[in-house]
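Raw data03.txt, compact mmCIF, C-alpha atoms:
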```
# COMPACT_ATOMS: atom_id res chain seq x y z
CA MET L 29 15.89 9.91 -15.30
CA THR L 30 15.47 7.56 -18.24
CA ASN L 31 12.27 5.84 -19.30
CA ASN L 32 13.63 2.60 -17.81
CA ASP L 33 13.96 4.31 -14.41
CA ALA L 34 10.29 5.31 -14.51
CA VAL L 35 9.28 1.72 -15.23
CA ILE L 36 11.25 0.53 -12.23
CA LEU L 37 9.92 3.25 -9.93
CA PHE L 38 6.31 2.99 -11.05
CA PRO L 39 5.61 -0.54 -12.23
CA ASN L 40 2.69 -1.09 -14.57
CA ARG L 41 1.31 -4.16 -16.25
CA GLU L 42 -0.90 -4.20 -19.30
CA LEU L 43 -3.68 -6.73 -19.87
CA LYS L 44 -5.64 -7.18 -23.05
CA ILE L 45 -9.38 -7.27 -22.29
CA GLY L 46 -11.39 -7.71 -25.45
CA ASN L 47 -10.34 -4.88 -27.77
CA GLU L 48 -9.02 -2.76 -24.91
CA THR L 49 -5.58 -2.73 -23.30
CA VAL L 50 -5.91 -2.04 -19.59
CA THR L 51 -3.00 -0.73 -17.54
CA VAL L 52 -2.78 -1.97 -13.97
CA SER L 53 -0.61 0.25 -11.77
CA GLU L 54 0.79 0.42 -8.29
CA LEU L 55 -1.65 2.31 -6.06
CA LYS L 56 -0.97 5.85 -5.04
CA TRP L 57 -0.15 6.28 -1.35
CA ALA L 58 -3.59 7.61 -0.36
CA ASP L 59 -5.38 4.89 -2.36
CA ALA L 60 -3.16 2.21 -0.82
CA LEU L 61 -3.99 3.44 2.69
CA GLY L 62 -7.70 3.40 1.85
CA PHE L 63 -7.43 -0.13 0.50
CA LEU L 64 -5.50 -1.30 3.56
CA LYS L 65 -8.19 0.23 5.76
CA GLN L 66 -10.80 -1.80 3.87
CA LEU L 67 -8.62 -4.90 4.14
CA SER L 68 -8.29 -4.45 7.91
CA GLY L 69 -11.94 -5.46 8.20
CA HIS L 70 -10.92 -8.91 6.95
CA MET L 71 -7.93 -9.50 9.26
CA ALA L 72 -9.59 -12.44 11.02
CA ALA L 73 -8.49 -14.55 8.03
CA PHE L 74 -4.86 -13.88 8.96
CA VAL L 75 -4.96 -14.64 12.70
CA THR L 76 -3.26 -17.91 13.63
CA ALA L 77 -4.54 -20.37 16.23
CA ASP L 78 -2.22 -18.83 18.82
CA GLY L 79 -3.58 -15.34 18.14
CA LYS L 80 -0.72 -13.98 16.06
CA LEU L 81 -1.20 -12.04 12.85
CA LYS L 82 0.40 -13.81 9.87
CA ILE L 83 -0.15 -12.25 6.48
CA ASP L 84 0.43 -14.60 3.57
CA VAL L 85 0.35 -13.20 0.03
CA ALA L 86 -1.52 -16.28 -1.26
CA GLU L 87 -4.17 -15.83 1.43
CA LEU L 88 -4.45 -12.13 0.58
CA GLY L 89 -5.37 -13.10 -2.95
CA LYS L 90 -8.07 -15.44 -1.73
CA VAL L 91 -9.51 -12.85 0.65
CA VAL L 92 -9.53 -10.08 -1.96
CA ALA L 93 -10.94 -12.32 -4.71
CA SER L 94 -13.73 -13.53 -2.43
CA SER L 95 -14.72 -10.05 -1.28
CA GLU L 96 -16.59 -7.94 -3.82
CA ASP L 97 -15.82 -4.63 -2.10
CA LEU L 98 -12.09 -5.37 -1.85
CA ALA L 99 -11.76 -6.69 -5.40
CA VAL L 100 -13.73 -3.83 -6.97
CA SER L 101 -11.89 -1.20 -4.95
CA LEU L 102 -8.46 -2.61 -5.75
CA ILE L 103 -9.16 -3.02 -9.47
CA ALA L 104 -10.82 0.39 -9.81
CA LYS L 105 -7.94 2.23 -8.14
CA ALA L 106 -5.23 0.20 -9.90
CA THR L 107 -6.78 0.65 -13.37
CA GLY L 108 -8.31 4.12 -13.09
CA HIS L 109 -11.75 2.73 -14.01
CA ASP L 110 -14.89 3.06 -11.93
CA ALA L 111 -16.76 0.37 -10.00
CA ASP L 112 -19.44 0.02 -12.70
CA TRP L 113 -16.78 -0.88 -15.25
CA VAL L 114 -15.33 -3.52 -12.90
CA ASN L 115 -18.76 -4.95 -12.03
CA ASN L 116 -19.55 -5.53 -15.71
CA LEU L 117 -16.42 -7.58 -16.40
CA PRO L 118 -16.48 -11.37 -16.69
CA LEU L 119 -15.33 -13.32 -13.63
CA SER L 120 -12.17 -14.61 -15.31
CA VAL L 121 -11.11 -11.06 -16.21
CA VAL L 122 -11.73 -9.80 -12.68
CA LEU L 123 -9.62 -12.64 -11.28
CA ASP L 124 -6.81 -11.83 -13.72
CA LEU L 125 -6.97 -8.14 -12.74
CA VAL L 126 -6.98 -8.98 -9.03
CA ASP L 127 -3.96 -11.22 -9.52
CA VAL L 128 -1.95 -8.51 -11.31
CA ALA L 129 -3.08 -5.74 -8.93
CA LEU L 130 -2.03 -7.85 -5.93
CA GLU L 131 1.30 -8.66 -7.58
CA LEU L 132 2.00 -4.93 -7.91
CA ASN L 133 0.48 -3.71 -4.64
CA LEU L 134 0.74 -6.45 -2.02
CA SER L 135 3.79 -8.44 -3.02
CA ASP L 136 6.12 -10.24 -0.63
CA ASP L 137 8.60 -7.39 -1.20
CA LEU L 138 6.12 -4.67 -0.19
CA LEU L 139 4.96 -6.66 2.82
CA ALA L 140 8.62 -7.09 3.87
CA LYS L 141 9.09 -3.31 3.65
CA ALA L 142 5.98 -2.73 5.76
CA LYS L 143 7.14 -5.29 8.31
CA LYS L 144 10.55 -3.61 8.49
CA ILE L 145 8.94 -0.24 9.21
CA GLY L 146 6.60 -1.84 11.73
CA GLY L 147 9.62 -3.37 13.45
CA ARG L 148 11.12 0.07 13.86
CA PHE L 149 7.99 1.28 15.62
CA LYS L 150 8.01 -1.81 17.83
CA ALA L 151 11.64 -1.15 18.77
CA ALA L 152 10.82 2.48 19.57
CA ALA L 153 8.01 1.53 21.94
CA PRO L 154 8.10 -1.90 23.57
CA PRO L 155 4.67 -3.52 24.04
CA GLY L 156 2.54 -1.75 26.62
CA GLN L 157 4.56 1.45 26.54
CA PRO L 158 3.39 4.47 24.58
CA LEU L 159 5.73 6.30 22.25
CA ALA L 160 7.35 9.30 23.90
CA ARG L 161 6.52 12.72 22.50
CA PRO L 162 9.23 13.68 20.05
CA THR L 163 11.70 16.37 21.02
CA ILE L 164 12.93 18.59 18.23
CA THR L 165 16.52 19.68 18.53
CA SER L 166 18.81 21.54 16.22
CA SER L 167 22.54 21.60 15.81
CA ILE L 168 22.44 24.99 14.09
CA ARG L 169 23.79 27.77 16.26
CA ASP L 170 22.49 31.30 16.16
CA THR L 171 25.50 33.10 14.69
CA ALA L 172 23.87 36.50 14.25
CA ALA L 173 25.68 39.44 15.85
CA PRO L 174 24.05 40.64 19.09
CA ASN L 175 22.81 43.92 17.58
CA SER L 176 21.70 42.57 14.21
CA THR L 177 18.07 42.00 13.32
CA LYS L 178 16.97 38.58 12.26
CA ALA L 179 14.89 38.07 9.17
CA PRO L 180 11.32 36.94 9.87
```
Is it possible to give me this structure as structure tokens?
Amino acid sequence: MTNNDAVILFPNRELKIGNETVTVSELKWADALGFLKQLSGHMAAFVTADGKLKIDVAELGKVVASSEDLAVSLIAKATGHDADWVNNLPLSVVLDLVDVALELNLSDDLLAKAKKIGGRFKAAAPPGQPLARPTITSSIRDTAAPNSTKAP
């Protein structure tokens, strides 16, 4: 893998804040799940008049920027800094960091990927029907001789 491959796989953006260069990164899986759990408490902003959930990236930015807990959590995880560091930044810097962190972590592309995966679950279990318990099968045949002992 070349250095260019790493940039593509793990996108980062650098912002100059005062005398410091801050790297904003894509969230790790566990951090992303934690952030999405926090964001789920704000889903009312994404429910349409007919009761459907419609997530718009522009609206996500507004919701995150207007929620201290979401903005601080996203920036802290995306920059590797703690909440105190974030809370002591000027408003304009926080908004810039939120914008870049959202660009990396909740882009249209990532939302499309999530929707695609969600569609697979929907196809597997139509509304109102639970998913069936998975059955594990194997195409490998036991080719050991009848009198041989199998390894543990």
| Which residue, L:Ala60, L:Leu67, L:Ala142, L:Leu119, has the smallest gap to Gly89 (chain L) when you use only C-alpha atoms? |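 Ranking L:Ala60, L:Leu67, L:Ala142, L:Leu119 by distance to Gly89 (chain L), first place goes to L:Leu67.
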| field | Nearest candidate to Ala111 (chain L) (options L:Asn40, L:Ala72, L:Leu123, L:Glu96; using only C-alpha atoms) | value | L:Glu96
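With distances taken over all atoms listed in the file, L:Phe63 is the one residue among L:Leu117, L:Ala77, L:Phe63, L:Lys82 lying closest to Asp97 (chain L).
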| field | For CA of Lys65 (chain L) and CA of Ile83 (chain L), the interatomic separation in Å (one decimal) | value | 14.9 Å
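CA of His70 (chain L) lies 20.1 Å from CA of Leu125 (chain L).
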| Nearest-residue call for Val50 (chain L), choices L:His109, L:Lys141, L:Lys90, L:Lys80, using only C-alpha atoms |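 Closest candidate: L:His109.
Among the candidates L:Lys144, L:Val121, L:Val126, L:Lys105, the residue lying nearest to Glu54 (chain L) is L:Lys105 (atoms considered: all atoms listed in the file).
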| query | Quick one: residues within 10 Å of Asp84 (chain L), all atoms listed in the file counted, chain neighbours fewer than 6 positions away excluded, as a list of chain:residue names? | reply | L:Ala73, L:Phe74, L:Leu134, L:Ser135, L:Asp136, L:Leu139
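CA of Thr107 (chain L) to CA of Ser53 (chain L) spans 6.4 Å [interatomic distance, one decimal].
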| said: Between L:Leu55, L:Val122, L:Ala86, L:Val92, which residue has the minimum interatomic distance to Ser68 (chain L), considering only C-alpha atoms? | reply: L:Val92
